Structures are given as C-alpha cells and as structure tokens.
Amino acid sequence: MTESSRGHQSRQRRRLTATEIDLARVRQRALLIGTTYGTDTVEEAEASLEELALLADTAGAEPAHSELQRRRTPDPATYIGKGKAEELQGVVQSLDIDVVIFDDELTPAQQRNLERMFAVDVVDRVALILDIFAQHATSQEGAVQVELAQLRYRLPRLRGRGLQLSQQGAGIGTRGPGETQLEVDRRRLLRRMQKLERDLLDLAATRATQRKARKRRVIPHVALVGYTNAGKSTLLNRLTHAGVLVQDQLFSTLDPTVRRLHLPGGETVLLSDTVGFVRRLPHQLVEAFRSTLEEVVDADLLLHIVDASAPDVDARIHAVGTVLHEIDAGDVPRLIAWNKADVADDDTLKLLLNAYPGSVAISAANGAGLPDLLTAIGDRLRALAHVSEFVVPFERGDVLAALHRAGEVLVEVHGDRATRVRARLPQAAVGRFSEYASTPD
C-alpha cells in the first residue's frame, strides 16, 4: 500500500468519525421520570421505567438519567410535586438534558407547568409512543392512523401553547405526518381530524373487503399477537419467507402483513403479523388502529408470542390480554408460543410450559421447536372447527369436492342415492352447505 493510499484511508476514517460524532449530537439527552402510582409493586414500577428507557432509545433519545419517585397520588400541578420538581431542575441543568420524559400521562396543565420549571421539552409516555409510531408508519393507512392519534392527543394541549405547537421541530413529540397541522386553529384542526376519520373509514372498508374475500375462500386465519419486540416478525419470516422488516427495536412493525402457511396436516392457513403491544398502550392509538387490529378480532386463532427470556413474562402477558379485551378480541382462542427459548433459562422455560398447558417453546431465530408449533396450530384449529353432517346427492359431486376443500372430511359413506359426509369445518364455512345439512344419528 502506498503512502498516498494510506493517507487517503486515514482521512476517510477521520471523516467517518466526525460523522459519527455529529450523529451522536443529534440524539436528545433525556431525563426519565417514573412514579409508583398506578403500580402494585416497586418492582413493577422499575420494570416500566426500564421499558421507558427502551422506548426513548427507539425514539432517538439517549437516556441520561432515570428517577423513580414513590408516590400514592399525582400532584395536580406538577405530577411529582413542587419540591421534587425543583430538585430535578438541578439534574436537568447539570446533565445538560434536552427533554424530560414521564412514564405516566400528564395533563396539559402539568405539562405546561413542568416545561416552565425545567425550561426544556416535557413529554409523557403517550407522546413518546406516538412519536415512535410516527417514525415507523410507512403505509397510507398507518400514516393516517398515526396522524389522527397525534391530533387527538394534541387537541386539548392547544390551549395556551399555540405558539409552541405551531413550531416544527425534530425532537420527541414533534415528529410525524401531522406536525404541519399544528399551525392551524382549533376549528381547522377539528376539520382535519374529521377528514382523517373519513379517510380511515374508506381504508377500513377496503381492508374489510379483503377480509371478506379471505373468509369466502374459507381459509383459517391465524394472527400473531404479543408484546412489542417479542419476535413476531422474525417468526413470520421464518415460517413464510415474508421478508418483513426485523429490527431490535420496539414497534418496528405497524402495518399488518398476511402470508399463506402450510401446516403438516396439509391444511393451508393465513398467518398475519400485527403491531406489538406494551403496558398502558395509549388509548388514542388503540382507537386509531382499530381497523388494523380487526385482523386480530376476526382471526380464528391468536398465536400469542411471548419472549421467554423477559424478566416480567406475566406482566407482558397481562398487558397483551388487556389490549385484546379493549378491542373485543378477548374471547378469540389463543395458543402461547414461548419464543427465544435458545436464550431463556431452562428451568424458567419448564415452569412456563407447565403453567400454561398446551403452550410450545420455540426459537424464531434458529427454528427450534417450529415443527411442534405447526402441529399445535393444526391441532387447535381442528379442535375449534365444527363437526357437521351433510347428505350430498350423487349428482352434486361439486359440493362433495367443495366440502373436501373447505375442511377435513372425517367420514364419507356412499348410499343408494346420496353420500353421507361428516366433516370438520370452520364456522364461516358451515353456512355455505346449510341446504345439505343433516342431523347426526
């Protein structure tokens, strides 16, 4: 290597280093604040604050310091009390904090008071999650959903903050497809929200038409659900080669992806990926994403992916269950798959499998346990299907063939004039053959 080429590489390395430094400077330094209010134990509050740090990192901030306050009720003016707020003023100044992030939802008045005291931006958990969703929304429907959720959140915060909210910025809570609308007055803001709601209804109608078409084909639908970053997209890619973006970040998937999956018994199912859930998922997002989450409501089976290596497995299962009930999917049958079994503690994994009979341990990363998972999915779907009996005339061979396609034919007996068939069919398919239905002996 010549001296000139070595010099060129050295200068190139210096330029890359400078770029990395510039990128590091862009990340906001964040002070994270949580309280024990609304939690059952201190450990639960600490776990929530740790999750807030992951959310902040995903949003592009650098968690510089975390503060957990033991508190039974929030202070109406500052949430954490005047004395604690004054104490944290010094932390903000000494650590050169750019943004203060609360693990709880703040009222507009609390947020304004805290921003005056800290002299930096103050956002809560809701605004933080909305910001992450804004960064990850790629489809038209996802962008509309996020913008609507942002405007619903910001509308009550317009009072007294019109000048601040009219400014476009690059920090947490200011990004997303809806920031330019914050320059307008309340009336125009409401009109914008009404238009977004109409657009969302149109997009939801298109999605509903697609779901109806799938139901007419009578293909069972399995929806992946779970806590964010549990490995749902990795599993979908492993099983169907879907090519879905996989990142070690929270909420990397917002838009549902549907792929066909062939089970060991010969059945074909539709497998869909969905947005991940977290503790206290903002109500604005649940409402805005309701049309997307209807993929979950209409599913025949929910495949609940749980990170078996997580320290708070039960809390994560509970958080997912809470959202499922909120979207009226609490009664949809569920099959739990303990993902990341390759890194989970063996004893913990055994306890989880015993505590949840019928669950399966897998690793989406290396494929371990996937044959057992596919077998379990097939078994559950067959168990959920209805066993019905039909009498099909000989001249209706097309109906007999359709029964074989629609489900699992258990018994087929040929009589003098017709064929008696006992078949296990999905609920959506039973009505198609109602004129040939017969009461079993």
# chains A, B, ... in the order shown; residues from 1 in each chain; ligands from 1
$ residues_around --residues "segment 268-276 of chain A" --least-positions-apart "5" --cutoff "7 Å" --atoms "only C-alpha atoms" --output "MDAnalysis selection string"
chainID A and resid 219:228 232:233 236 251 253:263
$ residues_around --residues "Arg70 of chain A" --least-positions-apart "2" --cutoff "8 Å" --atoms "only C-alpha atoms" --output "ChimeraX atom specification"
/A:35-37,68,72
$ select_by_dssp --residues "segment 93-123 of chain A" --states "alpha helix (DSSP H)" --output "ChimeraX atom specification"
/A:93-94,108-118
$ write_last_selection --atoms "C-alpha atoms" --output "mmCIF file, in the first residue's frame"
data_model
loop_
_atom_site.group_PDB
_atom_site.id
_atom_site.type_symbol
_atom_site.label_atom_id
_atom_site.label_comp_id
_atom_site.auth_asym_id
_atom_site.auth_seq_id
_atom_site.Cartn_x
_atom_site.Cartn_y
_atom_site.Cartn_z
ATOM 1 C CA GLN A 93 -29.072 21.646 34.233
ATOM 2 C CA SER A 94 -26.136 19.561 35.436
ATOM 3 C CA PRO A 108 -51.955 19.681 29.664
ATOM 4 C CA ALA A 109 -51.601 21.911 32.752
ATOM 5 C CA GLN A 110 -48.988 19.642 34.346
ATOM 6 C CA GLN A 111 -47.019 19.568 31.118
ATOM 7 C CA ARG A 112 -47.030 23.357 30.780
ATOM 8 C CA ASN A 113 -46.017 23.872 34.422
ATOM 9 C CA LEU A 114 -43.150 21.408 34.166
ATOM 10 C CA GLU A 115 -41.856 22.923 30.933
ATOM 11 C CA ARG A 116 -41.761 26.346 32.591
ATOM 12 C CA MET A 117 -39.800 24.925 35.528
ATOM 13 C CA PHE A 118 -37.352 22.767 33.546
#
$ atom_distance --atom1 "atom CA of Arg29 of chain A" --atom2 "atom CA of Arg316 of chain A"
27.8 Å
$ residues_around --residues "Tyr153 of chain A" --least-positions-apart "5" --cutoff "12 Å" --atoms "only C-alpha atoms" --output "PyMOL selection string"
chain A and resi 105-108+123-131+146-148+158+173+178+182+189+193+282-285+287-288
$ write_last_selection --atoms "C-alpha atoms" --output "mmCIF file, in the first residue's frame"
data_model
loop_
_atom_site.group_PDB
_atom_site.id
_atom_site.type_symbol
_atom_site.label_atom_id
_atom_site.label_comp_id
_atom_site.auth_asym_id
_atom_site.auth_seq_id
_atom_site.Cartn_x
_atom_site.Cartn_y
_atom_site.Cartn_z
ATOM 1 C CA GLU A 105 -49.696 10.504 31.125
ATOM 2 C CA LEU A 106 -49.604 14.180 32.069
ATOM 3 C CA THR A 107 -52.462 16.643 31.916
ATOM 4 C CA PRO A 108 -51.955 19.681 29.664
ATOM 5 C CA VAL A 123 -43.356 14.745 27.089
ATOM 6 C CA ASP A 124 -45.201 11.812 28.597
ATOM 7 C CA ARG A 125 -45.392 8.128 27.738
ATOM 8 C CA VAL A 126 -48.284 8.689 25.341
ATOM 9 C CA ALA A 127 -46.436 11.338 23.299
ATOM 10 C CA LEU A 128 -43.316 9.164 23.239
ATOM 11 C CA ILE A 129 -45.141 6.141 21.807
ATOM 12 C CA LEU A 130 -46.960 8.350 19.316
ATOM 13 C CA ASP A 131 -43.601 9.698 18.184
ATOM 14 C CA VAL A 146 -50.794 7.886 13.459
ATOM 15 C CA GLU A 147 -51.691 11.426 12.428
ATOM 16 C CA LEU A 148 -55.216 11.037 13.792
ATOM 17 C CA LEU A 158 -53.510 23.659 22.104
ATOM 18 C CA GLY A 173 -43.236 14.577 20.350
ATOM 19 C CA GLY A 178 -49.368 15.611 11.415
ATOM 20 C CA LEU A 182 -50.444 22.139 14.485
ATOM 21 C CA LEU A 189 -57.683 21.154 13.439
ATOM 22 C CA MET A 193 -59.404 15.207 12.177
ATOM 23 C CA PRO A 282 -52.245 4.825 24.585
ATOM 24 C CA HIS A 283 -55.996 4.762 24.118
ATOM 25 C CA GLN A 284 -55.623 7.162 21.175
ATOM 26 C CA LEU A 285 -53.558 4.542 19.349
ATOM 27 C CA GLU A 287 -58.802 3.718 18.719
ATOM 28 C CA ALA A 288 -56.883 4.914 15.661
#
$ residues_around --residues "Arg417 of chain A" --least-positions-apart "4" --cutoff "10 Å" --atoms "only C-alpha atoms" --output "MDAnalysis selection string"
chainID A and resid 391:395
$ residues_around --residues "Ala437 of chain A" --least-positions-apart "5" --cutoff "10 Å" --atoms "only C-alpha atoms" --output "CSV table (one decimal) with C-alpha atoms, in the first residue's frame"
chain,number,residue,atom,x,y,z
A,388,SER,CA,-71.3,-31.2,10.9
A,389,GLU,CA,-73.1,-33.9,8.9
A,390,PHE,CA,-74.3,-33.5,5.3
A,391,VAL,CA,-76.2,-35.5,2.8
A,392,VAL,CA,-74.9,-34.8,-0.7
A,420,ARG,CA,-73.4,-39.0,3.8
A,421,VAL,CA,-70.5,-36.9,4.9
A,422,ARG,CA,-69.3,-35.9,8.4
A,430,VAL,CA,-70.8,-24.2,7.7
A,431,GLY,CA,-73.4,-21.8,6.2
A,432,ARG,CA,-72.3,-22.5,2.7
$ atom_distance --atom1 "atom CA of Val122 of chain A" --atom2 "atom CA of Ser48 of chain A"
18.3 Å
$ atom_distance --atom1 "atom CA of Ser434 of chain A" --atom2 "atom CA of Glu267 of chain A"
22.7 Å
$ closest_residue --among "A:Thr234, A:Ser139, A:Thr375, A:Thr209" --to "Gly358 of chain A" --atoms "only C-alpha atoms"
A:Thr375
$ closest_atom_pairs --of "segment 271-296 of chain A" --to "segment 319-327 of chain A" --cutoff "9 Å" --atoms "only C-alpha atoms" --output "JSON lines"
{"residue": "A:Gly276", "atom": "CA", "partner": "A:Val320", "partner_atom": "CA", "distance": 8.5}
{"residue": "A:Phe277", "atom": "CA", "partner": "A:Val320", "partner_atom": "CA", "distance": 6.0}
{"residue": "A:Val278", "atom": "CA", "partner": "A:Ala319", "partner_atom": "CA", "distance": 6.2}
{"residue": "A:Arg279", "atom": "CA", "partner": "A:Ala319", "partner_atom": "CA", "distance": 5.2}
{"residue": "A:Arg280", "atom": "CA", "partner": "A:Ala319", "partner_atom": "CA", "distance": 7.4}
{"residue": "A:Leu281", "atom": "CA", "partner": "A:Val323", "partner_atom": "CA", "distance": 7.7}
{"residue": "A:Val286", "atom": "CA", "partner": "A:Ile327", "partner_atom": "CA", "distance": 7.6}
{"residue": "A:Glu287", "atom": "CA", "partner": "A:Ile327", "partner_atom": "CA", "distance": 8.6}
{"residue": "A:Arg290", "atom": "CA", "partner": "A:Ile327", "partner_atom": "CA", "distance": 7.1}
{"residue": "A:Leu293", "atom": "CA", "partner": "A:Ile327", "partner_atom": "CA", "distance": 7.4}
{"residue": "A:Glu294", "atom": "CA", "partner": "A:Ile327", "partner_atom": "CA", "distance": 7.9}
{"residue": "A:Val296", "atom": "CA", "partner": "A:Leu324", "partner_atom": "CA", "distance": 8.3}
$ closest_residue --among "A:Ala149, A:Leu381, A:Val413, A:Leu155" --to "Arg188 of chain A" --atoms "only C-alpha atoms"
A:Leu155
$ residues_around --residues "Gly231 of chain A" --least-positions-apart "3" --cutoff "8 Å" --atoms "only C-alpha atoms" --output "PyMOL selection string"
chain A and resi 228+234-235+305+307+339-340+364
